[in-house]
>>> print(open('work.txt').read())   # compact mmCIF, C-alpha atoms
# COMPACT_ATOMS: atom_id res chain seq x y z
CA MET A 1 0.72 -21.08 -3.28
CA HIS A 2 4.04 -22.97 -3.47
CA ILE A 3 3.93 -23.82 -7.14
CA PRO A 4 5.85 -27.06 -7.77
CA ASP A 5 8.17 -27.88 -10.67
CA GLY A 6 6.32 -28.81 -13.83
CA TYR A 7 3.40 -26.40 -13.65
CA PHE A 8 5.20 -23.52 -15.34
CA GLY A 9 6.94 -23.63 -18.69
CA PRO A 10 10.40 -22.15 -19.20
CA THR A 11 9.05 -18.71 -20.20
CA THR A 12 7.26 -18.17 -16.91
CA CYS A 13 10.11 -19.63 -14.84
CA ILE A 14 12.65 -17.33 -16.49
CA ALA A 15 10.29 -14.34 -16.26
CA GLY A 16 9.92 -15.05 -12.54
CA PHE A 17 13.67 -14.94 -11.96
CA ALA A 18 14.05 -11.93 -14.28
CA ALA A 19 11.46 -10.04 -12.26
CA MET A 20 12.98 -11.00 -8.92
CA ILE A 21 16.66 -10.30 -9.62
CA PRO A 22 16.23 -6.49 -9.53
CA VAL A 23 14.04 -6.86 -6.43
CA TRP A 24 16.70 -8.94 -4.68
CA VAL A 25 19.46 -6.51 -5.69
CA ILE A 26 17.57 -3.40 -4.51
CA ALA A 27 16.36 -5.16 -1.37
CA SER A 28 19.95 -6.14 -0.49
CA LYS A 29 21.10 -2.55 -0.93
CA LYS A 30 18.21 -1.18 1.12
CA VAL A 31 18.72 -3.70 3.89
CA LYS A 32 22.44 -2.98 3.96
CA LYS A 33 21.86 0.77 4.16
CA LYS A 34 18.82 0.98 6.39
CA LEU A 35 18.86 -2.04 8.62
CA GLN A 36 20.67 -1.46 11.87
CA VAL A 37 22.69 -4.20 13.50
CA LYS A 38 20.16 -4.50 16.31
CA GLN A 39 17.44 -5.20 13.75
CA VAL A 40 19.17 -8.24 12.28
CA PRO A 41 17.69 -10.59 14.91
CA LEU A 42 14.23 -9.25 14.05
CA LEU A 43 14.82 -9.97 10.36
CA ALA A 44 15.92 -13.50 11.29
CA ILE A 45 12.80 -13.94 13.43
CA GLY A 46 10.74 -12.62 10.51
CA ALA A 47 12.15 -15.17 8.07
CA ALA A 48 11.72 -18.00 10.58
CA PHE A 49 8.18 -16.87 11.41
CA SER A 50 7.26 -16.85 7.74
CA PHE A 51 8.73 -20.34 7.36
CA VAL A 52 6.82 -21.79 10.28
CA ILE A 53 3.49 -20.05 9.66
CA MET A 54 3.46 -21.47 6.12
CA MET A 55 3.54 -24.97 7.66
CA PHE A 56 0.15 -24.36 9.26
CA ASN A 57 -1.99 -25.70 6.46
CA VAL A 58 -5.58 -24.72 6.99
CA PRO A 59 -8.07 -27.11 5.41
CA ILE A 60 -11.25 -26.33 3.53
CA PRO A 61 -13.10 -29.52 4.56
CA GLY A 62 -13.24 -31.92 1.63
CA GLY A 63 -11.45 -29.36 -0.52
CA THR A 64 -7.97 -27.95 -0.59
CA THR A 65 -5.57 -26.41 1.91
CA GLY A 66 -3.84 -23.07 2.17
CA HIS A 67 -1.90 -21.03 4.69
CA ALA A 68 -0.79 -17.60 5.79
CA VAL A 69 2.65 -16.29 4.78
CA GLY A 70 3.36 -13.61 7.37
CA ALA A 71 5.00 -11.38 4.76
CA VAL A 72 2.90 -8.29 5.50
CA LEU A 73 3.72 -8.54 9.18
CA VAL A 74 7.46 -8.50 8.42
CA ALA A 75 6.86 -5.56 6.03
CA ILE A 76 5.09 -3.61 8.78
CA LEU A 77 7.95 -4.21 11.22
CA LEU A 78 10.96 -3.81 8.94
CA GLY A 79 9.71 -2.36 5.67
CA PRO A 80 8.73 -4.19 2.46
CA TRP A 81 12.30 -4.58 1.16
CA ALA A 82 13.40 -6.39 4.28
CA ALA A 83 10.25 -8.50 4.05
CA ALA A 84 11.20 -9.46 0.48
CA ILE A 85 14.53 -10.75 1.80
CA ALA A 86 13.00 -12.59 4.77
CA VAL A 87 10.31 -14.38 2.76
CA THR A 88 12.78 -15.23 -0.02
CA VAL A 89 15.06 -16.93 2.52
CA ALA A 90 12.10 -18.96 3.83
CA LEU A 91 10.89 -19.92 0.34
CA VAL A 92 14.34 -20.98 -0.90
CA ILE A 93 14.83 -23.24 2.13
CA GLN A 94 11.34 -24.69 1.71
CA ALA A 95 11.98 -25.44 -1.96
CA MET A 96 15.50 -26.83 -1.63
CA LEU A 97 15.27 -28.85 1.54
CA PHE A 98 11.60 -29.77 1.79
CA GLY A 99 10.47 -29.81 -1.84
CA ASP A 100 7.72 -27.30 -1.01
CA GLY A 101 7.56 -25.19 -4.16
CA GLY A 102 9.59 -26.00 -7.24
CA ILE A 103 13.21 -25.13 -7.90
CA THR A 104 12.36 -23.87 -11.39
CA ALA A 105 9.47 -21.90 -9.91
CA ILE A 106 11.46 -20.19 -7.12
CA GLY A 107 11.50 -16.92 -9.08
CA ALA A 108 7.75 -16.95 -9.68
CA ASN A 109 6.94 -18.11 -6.15
CA CYS A 110 9.12 -15.35 -4.73
CA PHE A 111 7.46 -12.84 -7.05
CA ASN A 112 4.04 -13.75 -5.65
CA MET A 113 4.85 -14.25 -1.98
CA ALA A 114 8.04 -12.23 -1.38
CA PHE A 115 7.29 -9.26 -3.66
CA VAL A 116 3.60 -8.73 -4.52
CA LEU A 117 2.39 -9.82 -1.09
CA PRO A 118 4.58 -7.64 1.18
CA PHE A 119 4.58 -4.59 -1.13
CA ILE A 120 0.83 -4.46 -1.76
CA GLY A 121 0.16 -5.31 1.87
CA TYR A 122 2.52 -2.61 3.07
CA ALA A 123 0.96 0.00 0.78
CA VAL A 124 -2.50 -0.86 2.12
CA TYR A 125 -1.20 -0.68 5.69
CA ARG A 126 0.27 2.78 5.12
CA ILE A 127 -2.85 4.10 3.42
CA ILE A 128 -5.24 2.88 6.10
CA SER A 129 -3.08 3.75 9.09
CA GLY A 130 -2.40 7.27 7.82
CA LYS A 131 -1.03 9.44 10.60
CA SER A 132 -2.61 7.42 13.39
CA GLU A 133 -0.72 6.59 16.57
CA THR A 134 1.32 3.37 16.49
CA THR A 135 -0.76 2.13 19.39
CA SER A 136 -4.12 2.98 17.83
CA LYS A 137 -6.84 0.50 17.00
CA ARG A 138 -6.72 1.80 13.45
CA ARG A 139 -3.25 0.28 13.06
CA VAL A 140 -4.54 -3.15 14.05
CA ILE A 141 -7.32 -2.91 11.48
CA ALA A 142 -4.88 -1.56 8.88
CA ALA A 143 -2.54 -4.50 9.51
CA GLY A 144 -5.33 -7.06 9.17
CA VAL A 145 -6.78 -5.59 5.99
CA ALA A 146 -3.25 -5.27 4.57
CA GLY A 147 -2.58 -8.97 5.17
CA TYR A 148 -5.88 -9.92 3.57
CA VAL A 149 -5.51 -7.74 0.47
CA GLY A 150 -1.85 -8.69 0.05
CA LEU A 151 -2.52 -12.42 0.11
CA VAL A 152 -5.49 -12.14 -2.25
CA MET A 153 -3.40 -10.12 -4.72
CA ALA A 154 -0.59 -12.68 -4.50
CA SER A 155 -3.11 -15.44 -5.23
CA LEU A 156 -4.37 -13.45 -8.23
CA CYS A 157 -0.81 -13.36 -9.60
CA ALA A 158 -0.37 -17.08 -9.00
CA GLY A 159 -3.72 -17.79 -10.65
CA MET A 160 -2.77 -15.78 -13.72
CA GLU A 161 0.61 -17.48 -13.94
CA PHE A 162 -1.10 -20.88 -13.83
CA GLY A 163 -3.75 -19.74 -16.28
CA ILE A 164 -1.46 -18.53 -19.05
CA GLN A 165 0.36 -21.89 -19.27
CA PRO A 166 -2.10 -23.61 -21.64
CA LEU A 167 -1.97 -20.50 -23.86
CA LEU A 168 1.83 -20.43 -23.91
CA HIS A 169 2.59 -24.12 -24.17
CA HIS A 170 0.44 -26.74 -25.85
CA THR A 171 0.77 -29.49 -28.40
CA LEU A 172 -0.72 -29.21 -31.89
CA SER A 173 -3.70 -31.19 -30.72
CA GLY A 174 -4.26 -28.69 -27.93
CA ARG A 175 -2.98 -30.73 -24.98
CA ALA A 176 -1.28 -28.68 -22.30
CA LEU A 177 2.44 -29.17 -21.76
CA TYR A 178 2.48 -27.74 -18.25
CA CYS A 179 -0.39 -26.52 -16.06
CA PRO A 180 -3.50 -27.80 -17.84
CA TYR A 181 -5.92 -25.23 -16.43
CA GLY A 182 -6.50 -21.94 -18.20
CA LEU A 183 -7.27 -18.50 -16.80
CA LYS A 184 -11.00 -19.16 -16.50
CA ILE A 185 -10.40 -21.99 -14.05
CA ALA A 186 -7.11 -21.07 -12.37
CA VAL A 187 -7.89 -17.44 -11.49
CA PRO A 188 -11.29 -18.03 -9.84
CA ALA A 189 -9.92 -21.11 -8.03
CA MET A 190 -6.89 -19.33 -6.60
CA VAL A 191 -8.53 -15.97 -5.88
CA GLY A 192 -11.77 -17.52 -4.63
CA GLU A 193 -10.18 -19.71 -1.96
CA HIS A 194 -7.98 -16.86 -0.76
CA LEU A 195 -10.87 -14.34 -0.69
CA LEU A 196 -13.07 -16.74 1.26
CA PHE A 197 -10.62 -18.58 3.50
CA PHE A 198 -6.88 -18.10 3.50
CA GLY A 199 -6.90 -14.29 3.25
CA TRP A 200 -8.70 -14.26 6.59
CA ILE A 201 -5.95 -16.35 8.18
CA GLU A 202 -3.35 -13.81 7.05
CA LEU A 203 -5.64 -11.06 8.36
CA ILE A 204 -5.93 -12.63 11.80
CA VAL A 205 -2.22 -13.47 12.10
CA THR A 206 -1.09 -9.99 11.02
CA ALA A 207 -3.59 -8.11 13.19
CA LEU A 208 -2.97 -10.26 16.29
CA VAL A 209 0.81 -9.88 16.23
CA VAL A 210 0.54 -6.12 15.64
CA LYS A 211 -1.87 -5.90 18.57
CA PHE A 212 0.56 -7.89 20.72
CA LEU A 213 3.47 -5.64 19.75
CA GLN A 214 1.46 -2.48 20.46
CA LYS A 215 1.25 -3.63 24.06
CA GLN A 216 4.79 -5.03 24.25
CA GLU A 217 7.01 -2.68 22.32
CA PRO A 218 5.26 -0.10 20.15
CA GLY A 219 8.69 1.20 19.11
CA LEU A 220 9.02 -1.82 16.83
CA LEU A 221 6.01 -0.61 14.86
CA ARG A 222 7.80 2.64 14.09
CA THR A 223 10.97 1.18 12.58
CA GLY A 224 9.18 -0.27 9.55
CA MET A 225 8.23 3.22 8.50
CA GLU A 226 11.79 4.49 8.74
CA ALA A 227 13.24 1.47 6.96
CA SER A 228 10.90 1.80 4.00
CA GLN A 229 12.05 5.25 2.93
CA MET B 230 11.10 -10.16 29.67
CA LYS B 231 12.37 -8.56 26.49
CA THR B 232 10.03 -8.58 23.52
CA LYS B 233 12.54 -10.39 21.31
CA ASN B 234 12.80 -13.24 23.79
CA LYS B 235 9.03 -13.51 23.79
CA LEU B 236 9.08 -13.65 19.99
CA TRP B 237 11.65 -16.47 20.10
CA ILE B 238 9.48 -18.37 22.54
CA GLY B 239 6.52 -17.77 20.25
CA LEU B 240 8.50 -19.22 17.34
CA GLY B 241 9.46 -22.28 19.36
CA THR B 242 5.85 -22.79 20.39
CA LEU B 243 4.72 -22.55 16.76
CA ALA B 244 7.32 -25.17 15.78
CA VAL B 245 6.10 -27.57 18.49
CA ILE B 246 2.43 -27.18 17.60
CA SER B 247 3.10 -27.16 13.84
CA PRO B 248 1.67 -30.69 13.35
CA ILE B 249 -1.76 -29.02 13.62
CA GLY B 250 -1.05 -27.95 10.02
CA LEU B 251 -0.64 -31.61 9.15
CA TYR B 252 -3.37 -33.09 11.33
CA LEU B 253 -6.32 -30.84 10.48
CA PRO B 254 -6.15 -31.22 6.67
CA GLU B 255 -5.79 -34.99 7.13
CA LYS B 256 -8.78 -35.28 9.48
CA LEU B 257 -11.00 -32.97 7.43
CA LYS B 258 -10.09 -34.79 4.22
CA ALA B 259 -8.74 -31.72 2.53
CA GLY B 260 -6.65 -32.67 -0.48
CA ASP B 261 -3.58 -30.96 -1.86
CA ALA B 262 -3.44 -27.21 -2.26
CA TRP B 263 -4.78 -26.04 -5.62
CA GLY B 264 -2.12 -26.46 -8.28
CA GLU B 265 0.20 -28.51 -6.08
CA TRP B 266 -0.90 -31.96 -7.18
CA GLY B 267 1.52 -34.74 -8.01
CA PRO B 268 1.58 -36.49 -11.39
CA ASP B 269 -0.95 -39.19 -10.35
CA LYS B 270 -3.51 -36.66 -9.24
CA ILE B 271 -3.04 -34.57 -12.40
CA LYS B 272 -3.73 -37.67 -14.46
CA GLU B 273 -6.87 -38.31 -12.44
CA LEU B 274 -8.01 -34.70 -12.91
CA VAL B 275 -7.37 -34.11 -16.60
CA GLY B 276 -6.89 -37.63 -17.96
CA TYR B 277 -3.24 -37.30 -18.96
CA ILE B 278 0.10 -36.12 -17.63
CA PRO B 279 1.19 -33.05 -19.61
CA SER B 280 4.52 -34.00 -21.18
CA GLY B 281 6.45 -30.94 -20.00
CA PHE B 282 5.06 -31.48 -16.52
CA GLY B 283 6.23 -35.08 -16.56
CA LYS B 284 9.77 -33.99 -17.37
CA LEU B 285 10.05 -31.02 -15.01
CA SER B 286 8.17 -32.37 -12.01
CA SER B 287 11.08 -34.56 -10.95
CA THR B 288 13.73 -31.84 -11.39
CA TRP B 289 14.63 -31.79 -7.74
CA ASN B 290 15.09 -34.38 -5.05
CA ALA B 291 14.45 -32.70 -1.75
CA VAL B 292 16.24 -34.06 1.32
CA MET B 293 13.06 -34.05 3.41
CA PRO B 294 10.18 -34.07 0.93
CA GLU B 295 6.92 -32.72 2.35
CA TYR B 296 8.54 -32.06 5.71
CA ALA B 297 9.05 -35.77 6.38
CA PHE B 298 11.98 -38.16 6.34
CA LYS B 299 12.45 -40.11 3.15
CA GLY B 300 10.62 -43.43 3.27
CA TRP B 301 8.28 -42.22 6.01
CA GLU B 302 5.40 -41.50 3.64
CA GLU B 303 3.45 -44.54 4.79
CA LYS B 304 4.12 -44.11 8.49
CA GLY B 305 1.34 -42.99 10.78
CA LEU B 306 0.38 -39.50 11.79
CA TRP B 307 2.47 -39.67 14.98
CA HIS B 308 5.66 -40.34 13.04
CA LEU B 309 4.82 -37.70 10.49
CA SER B 310 4.03 -35.18 13.24
CA PHE B 311 7.44 -35.86 14.79
CA ALA B 312 9.12 -35.33 11.41
CA TYR B 313 7.07 -32.16 10.95
CA ILE B 314 8.32 -30.69 14.22
CA ILE B 315 11.91 -31.62 13.35
CA SER B 316 11.39 -29.96 9.95
CA ALA B 317 10.05 -26.82 11.60
CA VAL B 318 13.05 -26.66 13.95
CA ILE B 319 15.51 -27.23 11.09
CA GLY B 320 13.68 -24.65 8.96
CA VAL B 321 13.73 -22.05 11.73
CA GLY B 322 17.44 -22.72 12.30
CA LEU B 323 18.27 -22.39 8.62
CA CYS B 324 16.20 -19.21 8.23
CA VAL B 325 17.96 -17.61 11.18
CA GLY B 326 21.37 -18.82 9.95
CA GLY B 327 20.56 -17.73 6.40
CA VAL B 328 19.58 -14.21 7.43
CA TYR B 329 22.64 -13.77 9.65
CA LEU B 330 24.93 -15.05 6.89
CA LEU B 331 23.30 -12.78 4.33
CA CYS B 332 23.56 -9.73 6.58
CA LYS B 333 27.19 -10.58 7.30
CA LEU B 334 27.96 -10.85 3.59
CA LEU B 335 26.18 -7.56 2.89
CA ALA B 336 27.99 -5.79 5.71
CA GLY B 337 31.29 -7.35 4.71
CA LYS B 338 31.20 -5.79 1.26
CA GLU B 339 31.39 -2.37 2.82
CA ARG B 340 34.90 -2.81 4.14
>>> encode(input="work.txt", output="structure tokens")
Amino acid sequence: MHIPDGYFGPTTCIAGFAAMIPVWVIASKKVKKKLQVKQVPLLAIGAAFSFVIMMFNVPIPGGTTGHAVGAVLVAILLGPWAAAIAVTVALVIQAMLFGDGGITAIGANCFNMAFVLPFIGYAVYRIISGKSETTSKRRVIAAGVAGYVGLVMASLCAGMEFGIQPLLHHTLSGRALYCPYGLKIAVPAMVGEHLLFFGWIELIVTALVVKFLQKQEPGLLRTGMEASQ
Amino acid sequence: MKTKNKLWIGLGTLAVISPIGLYLPEKLKAGDAWGEWGPDKIKELVGYIPSGFGKLSSTWNAVMPEYAFKGWEEKGLWHLSFAYIISAVIGVGLCVGGVYLLCKLLAGKER
């Protein structure tokens, strides 16, 4: 889902940054106000975890690859605003140093993976977990489903962003200037592969780490709730 | 052992085994991720390189493109796996440094 330079025209690139600037500003304020000093290492671990987990490309044999993002996990532990910061840090480093995701597309890529993904995922997690105990099985299921739904929704956004390019930018003869695939191809391709394959990876990763933390330090699973208010 | 230490060890382990994310797609002949093709592949897929794409796609010269050292593209999987681990370690370091710096800047404004 790391959209490279060249796939999005200027309108989408600018819209991506325009959408993310308020998110980054509010997230910074929230993190400053809510995040305690002792939670800073956890935020650093979250950003680093997101970075590394995105390197685990999972292949569809003979097809494409995809990966988990870990954003919902960070949202569960530290709240969605902190997750937005952590994943943004990872995405900016990936784009600038490793050319994974375009520079012009950083806004849009952050919108999909550092905003839509953790926020939708977190909402799903809260709804499913309800008032259940932090150590309950329900929380593990909630975390997994949240990861799955979050990643699929992020892929839907990416698919739509790809898909509107031929509508927005084309030559008189109808040739695309940027991404050549319209909504009818891009949306099913992006959503389909995430529904069938990569969403499940995010599900497994999120649920497993939550399960591990329930045994290790269930207190960590409580702080995300407090930080999100 | 403290949970945070275990998480750090987990991160380190992930960095060391990260070449799995390079090896499996290679062995199972999975191509690029959807919508992340280079100019050559785009031309193969749609028959032309969209002109805006051609201009924008080379906007940025990454220091370690595709988590490898420059000029290592043709080296074997062992070399690339080594570069991948180094990339993971650098990435983890920069993420940690980036978050600490950011938190320091945010906290600093208060005073």
>>> atom_distance(input="work.txt", atom1="atom CA of Thr104 of chain A", atom2="atom CA of Ala15 of chain A")
10.9 Å
>>> interface_residues(input="work.txt", of="chain A", to="chain B", cutoff="8 Å", atoms="only C-alpha atoms", output="PyMOL selection string")
chain A and resi 1-7+9+28+32+40-45+47-49+51-53+55-66+86+89-90+93-100+102-103+162+175-180+189-190+216-217
>>> atom_distance(input="work.txt", atom1="atom CA of Leu77 of chain A", atom2="atom CA of Cys110 of chain A")
19.5 Å
>>> atom_distance(input="work.txt", atom1="atom CA of Gly219 of chain A", atom2="atom CA of Glu133 of chain A")
11.1 Å
>>> residues_around(input="work.txt", residues="Phe17 of chain A", least_positions_apart="4", cutoff="8 Å", atoms="all atoms listed in the file", output="list in words")
Cys13, Ile21, Ile106, Gly107 and Ala108 of chain A
>>> closest_residue(input="work.txt", among="A:Ala75, A:Met160, A:Val87, A:Val210", to="Lys137 of chain A", atoms="only C-alpha atoms")
A:Val210
>>> residues_around(input="work.txt", residues="segment 142-146 of chain A", least_positions_apart="3", cutoff="10 Å", atoms="all atoms listed in the file", output="mmCIF file with C-alpha atoms, in the coordinates of the input")
data_model
loop_
_atom_site.group_PDB
_atom_site.id
_atom_site.type_symbol
_atom_site.label_atom_id
_atom_site.label_comp_id
_atom_site.auth_asym_id
_atom_site.auth_seq_id
_atom_site.Cartn_x
_atom_site.Cartn_y
_atom_site.Cartn_z
ATOM 1 C CA VAL A 72 2.900 -8.290 5.500
ATOM 2 C CA LEU A 73 3.720 -8.540 9.180
ATOM 3 C CA ILE A 76 5.090 -3.610 8.780
ATOM 4 C CA LEU A 117 2.390 -9.820 -1.090
ATOM 5 C CA PRO A 118 4.580 -7.640 1.180
ATOM 6 C CA PHE A 119 4.580 -4.590 -1.130
ATOM 7 C CA ILE A 120 0.830 -4.460 -1.760
ATOM 8 C CA GLY A 121 0.160 -5.310 1.870
ATOM 9 C CA TYR A 122 2.520 -2.610 3.070
ATOM 10 C CA ALA A 123 0.960 0.000 0.780
ATOM 11 C CA VAL A 124 -2.500 -0.860 2.120
ATOM 12 C CA TYR A 125 -1.200 -0.680 5.690
ATOM 13 C CA ARG A 126 0.270 2.780 5.120
ATOM 14 C CA ILE A 127 -2.850 4.100 3.420
ATOM 15 C CA ILE A 128 -5.240 2.880 6.100
ATOM 16 C CA SER A 129 -3.080 3.750 9.090
ATOM 17 C CA GLY A 130 -2.400 7.270 7.820
ATOM 18 C CA LYS A 137 -6.840 0.500 17.000
ATOM 19 C CA ARG A 138 -6.720 1.800 13.450
ATOM 20 C CA ARG A 139 -3.250 0.280 13.060
ATOM 21 C CA VAL A 149 -5.510 -7.740 0.470
ATOM 22 C CA GLY A 150 -1.850 -8.690 0.050
ATOM 23 C CA LEU A 151 -2.520 -12.420 0.110
ATOM 24 C CA VAL A 152 -5.490 -12.140 -2.250
ATOM 25 C CA GLY A 199 -6.900 -14.290 3.250
ATOM 26 C CA TRP A 200 -8.700 -14.260 6.590
ATOM 27 C CA ILE A 201 -5.950 -16.350 8.180
ATOM 28 C CA GLU A 202 -3.350 -13.810 7.050
ATOM 29 C CA LEU A 203 -5.640 -11.060 8.360
ATOM 30 C CA ILE A 204 -5.930 -12.630 11.800
ATOM 31 C CA VAL A 205 -2.220 -13.470 12.100
ATOM 32 C CA THR A 206 -1.090 -9.990 11.020
ATOM 33 C CA ALA A 207 -3.590 -8.110 13.190
ATOM 34 C CA LEU A 208 -2.970 -10.260 16.290
ATOM 35 C CA VAL A 209 0.810 -9.880 16.230
ATOM 36 C CA VAL A 210 0.540 -6.120 15.640
ATOM 37 C CA LYS A 211 -1.870 -5.900 18.570
#
>>> closest_residue(input="work.txt", among="A:Met54, A:Met113, A:Val31, A:Val191", to="Ala68 of chain A", atoms="all atoms listed in the file")
A:Met54
>>> build_atoms(input="work.txt", residues="segment 259-282 of chain B", atoms="N, CA and C atoms", output="mmCIF file, in the frame of the given file")
data_model
loop_
_atom_site.group_PDB
_atom_site.id
_atom_site.type_symbol
_atom_site.label_atom_id
_atom_site.label_comp_id
_atom_site.auth_asym_id
_atom_site.auth_seq_id
_atom_site.Cartn_x
_atom_site.Cartn_y
_atom_site.Cartn_z
ATOM 1 N N ALA B 259 -9.078 -32.730 3.525
ATOM 2 C CA ALA B 259 -8.740 -31.720 2.530
ATOM 3 C C ALA B 259 -7.594 -32.276 1.682
ATOM 4 N N GLY B 260 -7.695 -32.137 0.409
ATOM 5 C CA GLY B 260 -6.650 -32.670 -0.480
ATOM 6 C C GLY B 260 -5.466 -31.722 -0.565
ATOM 7 N N ASP B 261 -4.725 -31.845 -1.651
ATOM 8 C CA ASP B 261 -3.580 -30.960 -1.860
ATOM 9 C C ASP B 261 -4.061 -29.537 -2.088
ATOM 10 N N ALA B 262 -3.129 -28.596 -1.909
ATOM 11 C CA ALA B 262 -3.440 -27.210 -2.260
ATOM 12 C C ALA B 262 -3.675 -27.138 -3.773
ATOM 13 N N TRP B 263 -4.471 -26.160 -4.196
ATOM 14 C CA TRP B 263 -4.780 -26.040 -5.620
ATOM 15 C C TRP B 263 -3.494 -25.813 -6.408
ATOM 16 N N GLY B 264 -3.306 -26.636 -7.440
ATOM 17 C CA GLY B 264 -2.120 -26.460 -8.280
ATOM 18 C C GLY B 264 -0.854 -27.052 -7.678
ATOM 19 N N GLU B 265 -0.990 -27.869 -6.650
ATOM 20 C CA GLU B 265 0.200 -28.510 -6.080
ATOM 21 C C GLU B 265 0.074 -30.022 -6.109
ATOM 22 N N TRP B 266 -0.693 -30.522 -7.082
ATOM 23 C CA TRP B 266 -0.900 -31.960 -7.180
ATOM 24 C C TRP B 266 0.317 -32.655 -7.770
ATOM 25 N N GLY B 267 0.480 -33.915 -7.401
ATOM 26 C CA GLY B 267 1.520 -34.740 -8.010
ATOM 27 C C GLY B 267 1.040 -35.291 -9.337
ATOM 28 N N PRO B 268 1.927 -35.977 -10.072
ATOM 29 C CA PRO B 268 1.580 -36.490 -11.390
ATOM 30 C C PRO B 268 0.335 -37.409 -11.395
ATOM 31 N N ASP B 269 0.202 -38.267 -10.378
ATOM 32 C CA ASP B 269 -0.950 -39.190 -10.350
ATOM 33 C C ASP B 269 -2.264 -38.430 -10.288
ATOM 34 N N LYS B 270 -2.285 -37.435 -9.428
ATOM 35 C CA LYS B 270 -3.510 -36.660 -9.240
ATOM 36 C C LYS B 270 -3.854 -35.856 -10.499
ATOM 37 N N ILE B 271 -2.823 -35.318 -11.149
ATOM 38 C CA ILE B 271 -3.040 -34.570 -12.400
ATOM 39 C C ILE B 271 -3.693 -35.485 -13.427
ATOM 40 N N LYS B 272 -3.188 -36.724 -13.487
ATOM 41 C CA LYS B 272 -3.730 -37.670 -14.460
ATOM 42 C C LYS B 272 -5.207 -37.944 -14.150
ATOM 43 N N GLU B 273 -5.493 -38.070 -12.867
ATOM 44 C CA GLU B 273 -6.870 -38.310 -12.440
ATOM 45 C C GLU B 273 -7.764 -37.112 -12.805
ATOM 46 N N LEU B 274 -7.209 -35.909 -12.685
ATOM 47 C CA LEU B 274 -8.010 -34.700 -12.910
ATOM 48 C C LEU B 274 -8.262 -34.420 -14.384
ATOM 49 N N VAL B 275 -7.195 -34.510 -15.204
ATOM 50 C CA VAL B 275 -7.370 -34.110 -16.600
ATOM 51 C C VAL B 275 -7.246 -35.279 -17.588
ATOM 52 N N GLY B 276 -6.917 -36.465 -17.089
ATOM 53 C CA GLY B 276 -6.890 -37.630 -17.960
ATOM 54 C C GLY B 276 -5.543 -37.937 -18.578
ATOM 55 N N TYR B 277 -4.582 -37.033 -18.442
ATOM 56 C CA TYR B 277 -3.240 -37.300 -18.960
ATOM 57 C C TYR B 277 -2.226 -36.508 -18.149
ATOM 58 N N ILE B 278 -0.961 -36.908 -18.284
ATOM 59 C CA ILE B 278 0.100 -36.120 -17.630
ATOM 60 C C ILE B 278 0.729 -35.256 -18.710
ATOM 61 N N PRO B 279 0.587 -33.922 -18.596
ATOM 62 C CA PRO B 279 1.190 -33.050 -19.610
ATOM 63 C C PRO B 279 2.685 -33.377 -19.745
ATOM 64 N N SER B 280 3.175 -33.458 -20.984
ATOM 65 C CA SER B 280 4.520 -34.000 -21.180
ATOM 66 C C SER B 280 5.606 -33.144 -20.541
ATOM 67 N N GLY B 281 5.463 -31.822 -20.633
ATOM 68 C CA GLY B 281 6.450 -30.940 -20.000
ATOM 69 C C GLY B 281 6.424 -31.105 -18.490
ATOM 70 N N PHE B 282 5.231 -31.270 -17.956
ATOM 71 C CA PHE B 282 5.060 -31.480 -16.520
ATOM 72 C C PHE B 282 5.796 -32.742 -16.086
#
